[in-house]
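Enquirer: Sharing a structure with you now.
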Amino acid sequence: MKEAFYFSRQEGQKSQCQLCPHNCLTSEGQSGICKARINKEGKLYSLNYGVISSMSLDPIEKKPLYHYYPGSQIFSIGTLGCNLHCPFCQNYQISRYFEENTNRFFAQFSSEQILELAKKNIAASPSCFKGIAYTYSEPLIAYETVRECSELFKNNGFRNILVTNGFINSKPLKELLPFIDAANIDLKAYTEENYKKLGGRLKPVLETIAAFKNAGIHIEITTLLVTGLNDRMEELESLVKWIEKLDKNIPLHISRYFPQYHYQEPPTDLHFMEAVKKMASSYLHYVYLGNIPGESSTFCPKCKNLLIERINYQTNIKGLINQSCSQCGRKADIIL
Ligand code: SF4
C-alpha cells in the first residue's frame, strides 16, 4: 500500500483526508467515503495505487473531447473507486468496487510500467495520440497514481488528459494542474440539492472547472441529463449561463442517460434533449448531444461553415486551415 498524499494525523490514531471536499475523518481500520483510502495507525494509505482496472485505445471523441486532436485515438486507463455516489453510474463495477465485494482481481503497475504499456500501444496504432487519458472510474481518487504518472508522462513528452467529476480540494488540484493538458469535467447538476443526491457538492466542482480554465488547460464539460433528477429546463439554463460567463467557447456535451445500477427511470427523452441543445446553443458556441447515434458535427459559430464532420465516432476535418475556419478565418477553438 502506498502512503496517501494529503492527509493530516489527528489525535487518537485518527486521520483526516484532505484530498477531496468530503475531508473524511477516519479511525484505525476505517476508510473514507470513497473506500479507496484507509487509516492504518493514524496514517492514510491508498488502496488503488497503481491498480489498473481497465485499459484501452479509444477514439478521443469517446472521452468526450471533440475539440482536442479530433480523430485521434487515445491510450486510456482506469483505476478503482469514486468519491461520489451516483445511483445511475455506468461504471459501477469499478467505481463501487470496494463496496460491492467483488472478487475480481486487478493487477498493479508502476508508473514506469504504465508508460511502457502506453508506448507499446501507441506505437501499434498510427492514429494514436501521444498521450494518456485517466478515465472510466474517478481518476482523482487514485491521485497518487495519476500524479506520479502525469509527471512521468509529461517528462517523456506525452500529454495527460483527465476525465473527472471535479470533486477535489483546491491544493491537490493546483499541484496536479501543471501536468495536465486537457480535461473533460462533469457538471452533473446546477443545484446543491441535486449534487447532494449524488453525494457531492456543486460549489467545489464549479471551482475546479474555473481552476482548469484559469490555468489555460483545454476543457470540455459533460452534463448527463438524468430523467427525474436534473431535467428541469430552468436549472439547465442556469448551468449553461454559468459556462457562458466562464467562456462561451467551452464545448458542452449533453449526454443521454440510460437506466443503470440503482436508477431505473426511463432513458432521457430525445425531444427534451433537442430542446436543451437549442436552449444551450443560444448561449454557447459548441453544444453536442452525446450517447445517441448519428451526426454531431462542429460548425463555425460565425459563418456556419462545417469545420469537423462527426458521424458516430467517424471524424473528418473538413473546414479548418491552421486551426481557423477555412471560410471566414475565425479562430476555431480546436486544437489540432
Ligand atoms: S478522497 Fe476519499 S477518503 Fe479522502 S476525503 Fe475524499 S472521499 Fe474521503
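Ligands are numbered from 1 in the order shown, residues from 1 within each chain, and chains are lettered A, B, ... in the order they appear in the C-alpha cells.
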All residues within 12 Å of ligand 1 are required, counting only C-alpha atoms and all ligand atoms; please report them as a ChimeraX atom specification.
Expert: /A:4-8,15-27,30-39,43-48,80-85,98,138-144,166-169,172,199-200
Enquirer: Could you name the residues that touch Ser297 in chain A at 9 Å or less, counting only C-alpha atoms, but leaving out those on the same chain fewer than 6 positions away, as a PyMOL selection string?
Expert: chain A and resi 288+306-311+315
Enquirer: Quick one: write out the picked residues with C-alpha atoms as a PDB file, in the first residue's frame?
Expert:
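File written: result.pdb
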```pdb
ATOM      1  CA  TYR A 288     -23.269  18.470 -28.664  1.00  0.00           C
ATOM      2  CA  LEU A 306     -18.751  22.775 -41.475  1.00  0.00           C
ATOM      3  CA  LEU A 307     -15.451  22.521 -39.590  1.00  0.00           C
ATOM      4  CA  ILE A 308     -15.484  18.902 -38.456  1.00  0.00           C
ATOM      5  CA  GLU A 309     -17.898  16.265 -39.623  1.00  0.00           C
ATOM      6  CA  ARG A 310     -18.593  13.677 -36.942  1.00  0.00           C
ATOM      7  CA  ILE A 311     -20.846  10.719 -37.537  1.00  0.00           C
ATOM      8  CA  THR A 315     -14.385  12.156 -37.648  1.00  0.00           C
TER       9      THR A 315
END
```
Enquirer: Compare A:Leu65, A:Ile74, A:Val51, A:Ala124 by their minimum atom-to-atom distance to Ile221 in chain A, counting only C-alpha atoms, and give me the closest one.
Expert: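 For Ile221 in chain A, the nearest of the given residues is A:Leu65.
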Enquirer: As a list in words, please: the residues near Ile321 in chain A (cut-off 10 Å, only C-alpha atoms, same-chain neighbours under 4 positions excluded).
Expert: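 Non-adjacent residues within range: Leu307, Ile317, Cys325, Ser326, Gln327, Gly329, Lys331 and Ala332 of chain A.
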Enquirer: Find the residues around Asn214 in chain A up to 12 Å (only C-alpha atoms counted), leave out those fewer than 3 positions away in its own chain, and share them as a PyMOL selection string.
Expert: chain A and resi 174+177-178+207-211+217-219+246-247
Enquirer: For Gly228 in chain A, list every protein, DNA or RNA residue within 10 Å, evaluated using only C-alpha atoms, and leave out those in the same chain fewer than 6 positions away; present the list as a PyMOL selection string.
Expert: chain A and resi 265-266+268
Enquirer: With range 180-184 of chain A as the partner and 8 Å as the cut-off, tabulate the residues of range 50-85 of chain A that qualify, each row holding the nearest pair of atoms and their distance in Å to one decimal, using only C-alpha atoms, sorted by chain and rising number, as a Markdown table.
Expert:
```
| residue | atom | partner | partner_atom | distance |
| --- | --- | --- | --- | --- |
| A:Lys63 | CA | A:Asn184 | CA | 7.0 |
| A:Pro64 | CA | A:Asn184 | CA | 6.7 |
| A:Leu65 | CA | A:Asn184 | CA | 6.7 |
| A:Tyr68 | CA | A:Ala182 | CA | 7.8 |
```
Enquirer: Could you please take those selected residues and save N, CA and C atoms as a tab-separated table (two decimals), in the first residue's frame?
Expert:
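Generated file (part-v2.tsv):
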```
chain	number	residue	atom	x	y	z
A	63	LYS	N	-14.19	10.43	-24.96
A	63	LYS	CA	-13.90	10.85	-23.57
A	63	LYS	C	-15.03	11.63	-22.90
A	64	PRO	N	-15.80	12.53	-23.49
A	64	PRO	CA	-15.68	13.04	-24.84
A	64	PRO	C	-14.84	14.31	-24.90
A	65	LEU	N	-13.92	14.33	-25.87
A	65	LEU	CA	-13.22	15.56	-26.23
A	65	LEU	C	-13.38	15.72	-27.74
A	68	TYR	N	-10.10	18.56	-29.24
A	68	TYR	CA	-8.71	18.32	-28.86
A	68	TYR	C	-8.19	17.13	-29.68
```
Enquirer: Please list as an MDAnalysis selection string every residue within 10 Å of Leu225 in chain A, counting only C-alpha atoms and excluding residues in the same chain fewer than 4 positions away.
Expert: chainID A and resid 188:189 229:232 236 254:258 267:269 272:273 276
Enquirer: Give me, as a ChimeraX atom specification, the residues of range 34-118 of chain A that a backbone DSSP run labels strand (DSSP E or B).
Expert: /A:37-40,43-46,51,54-59,68,73-78,108
Enquirer: Do you have the CA of Asn156 in chain A-CA of Ile94 in chain A distance handy?
Expert: 28.8 Å
Enquirer: Please return as a VMD selection string: the residues of range 138-320 of chain A that backbone DSSP assigns to helix (DSSP H, G or I).
Expert: chain A and resid 139 to 155 170 to 179 192 to 197 202 to 214 233 to 246 270 to 281
Enquirer: Please save C-alpha atoms of the selected residues as a short mmCIF file (atom, residue, chain, number, x, y, z; two decimals), in the first residue's frame.
Expert:
```cif
data_model
loop_
_atom_site.label_atom_id
_atom_site.label_comp_id
_atom_site.auth_asym_id
_atom_site.auth_seq_id
_atom_site.Cartn_x
_atom_site.Cartn_y
_atom_site.Cartn_z
CA PRO A 139 -9.07 9.35 -11.53
CA LEU A 140 -8.65 11.93 -8.77
CA ILE A 141 -9.40 9.25 -6.16
CA ALA A 142 -6.30 7.49 -7.50
CA TYR A 143 -4.47 10.76 -7.00
CA GLU A 144 -1.06 9.24 -6.17
CA THR A 145 -1.08 7.14 -9.36
CA VAL A 146 -2.32 9.97 -11.56
CA ARG A 147 0.13 12.47 -10.10
CA GLU A 148 3.15 10.17 -10.49
CA CYS A 149 2.14 9.03 -13.96
CA SER A 150 1.32 12.51 -15.20
CA GLU A 151 4.74 13.82 -14.11
CA LEU A 152 6.50 10.87 -15.75
CA PHE A 153 4.44 11.07 -18.93
CA LYS A 154 4.97 14.82 -19.19
CA ASN A 155 8.72 14.41 -18.75
CA SER A 170 -8.00 23.17 -4.36
CA LYS A 171 -4.48 22.36 -3.05
CA PRO A 172 -4.10 18.87 -4.58
CA LEU A 173 -5.75 20.16 -7.76
CA LYS A 174 -3.39 23.13 -8.01
CA GLU A 175 -0.39 20.83 -7.62
CA LEU A 176 -1.62 18.46 -10.33
CA LEU A 177 -2.66 21.03 -12.94
CA PRO A 178 0.85 21.83 -14.26
CA PHE A 179 0.99 18.27 -15.65
CA GLU A 192 -26.65 21.98 -4.27
CA GLU A 193 -29.77 19.90 -3.65
CA ASN A 194 -29.17 17.74 -6.72
CA TYR A 195 -25.45 17.39 -6.07
CA LYS A 196 -26.32 16.22 -2.55
CA LYS A 197 -28.35 13.37 -4.09
CA LEU A 202 -21.82 21.91 -6.55
CA LYS A 203 -19.54 24.74 -5.39
CA PRO A 204 -16.25 22.77 -5.32
CA VAL A 205 -16.98 21.41 -8.81
CA LEU A 206 -17.53 24.91 -10.18
CA GLU A 207 -14.28 25.99 -8.53
CA THR A 208 -12.46 23.08 -10.16
CA ILE A 209 -13.78 23.94 -13.62
CA ALA A 210 -12.75 27.57 -13.15
CA ALA A 211 -9.29 26.49 -11.92
CA PHE A 212 -8.71 24.39 -15.05
CA LYS A 213 -9.83 27.26 -17.23
CA ASN A 214 -7.68 29.82 -15.40
CA MET A 233 -35.02 23.46 -18.07
CA GLU A 234 -34.66 26.28 -15.54
CA GLU A 235 -31.77 24.54 -13.74
CA LEU A 236 -30.13 23.62 -17.03
CA GLU A 237 -30.37 27.20 -18.26
CA SER A 238 -28.60 28.41 -15.10
CA LEU A 239 -25.89 25.79 -15.68
CA VAL A 240 -25.39 26.92 -19.27
CA LYS A 241 -25.31 30.60 -18.28
CA TRP A 242 -22.57 29.83 -15.76
CA ILE A 243 -20.47 28.21 -18.51
CA GLU A 244 -21.16 31.16 -20.81
CA LYS A 245 -19.83 33.52 -18.18
CA LEU A 246 -16.65 31.47 -17.87
CA LEU A 270 -34.87 12.67 -27.17
CA HIS A 271 -37.19 15.64 -27.83
CA PHE A 272 -36.19 17.08 -24.46
CA MET A 273 -32.52 16.66 -25.35
CA GLU A 274 -33.07 18.58 -28.59
CA ALA A 275 -34.84 21.35 -26.65
CA VAL A 276 -31.93 21.57 -24.19
CA LYS A 277 -29.46 21.70 -27.08
CA LYS A 278 -31.44 24.56 -28.64
CA MET A 279 -31.51 26.48 -25.36
CA ALA A 280 -27.79 25.88 -24.68
CA SER A 281 -26.84 26.88 -28.22
#
```
Enquirer: In terms of the shortest atom-to-atom distance over only C-alpha atoms, which of A:Cys89, A:Asn103, A:Ile161, A:Gln73 is closest to Ala123 in chain A?
Expert: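 Closest to Ala123 in chain A, using only C-alpha atoms: A:Gln73.
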Enquirer: Please provide as a PyMOL selection string all residues within 6 Å of Phe88 in chain A, with the sequence filter that same-chain residues fewer than 2 positions apart are discarded (counting only C-alpha atoms).
Expert: chain A and resi 86+260-263
Enquirer: So which one's closest to Pro259 in chain A, A:Pro87, A:Gly290, A:Pro301, A:Gly319? Using only C-alpha atoms, please.
Expert: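 Ranking A:Pro87, A:Gly290, A:Pro301, A:Gly319 by distance to Pro259 in chain A, first place goes to A:Pro87.
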Enquirer: Measuring between only C-alpha atoms, which one of A:Phe109, A:Tyr190, A:Tyr283, A:Phe75 shows the shortest distance to Ile122 in chain A?
Expert: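 With only C-alpha atoms as the atom set, the closest residue is A:Phe75.
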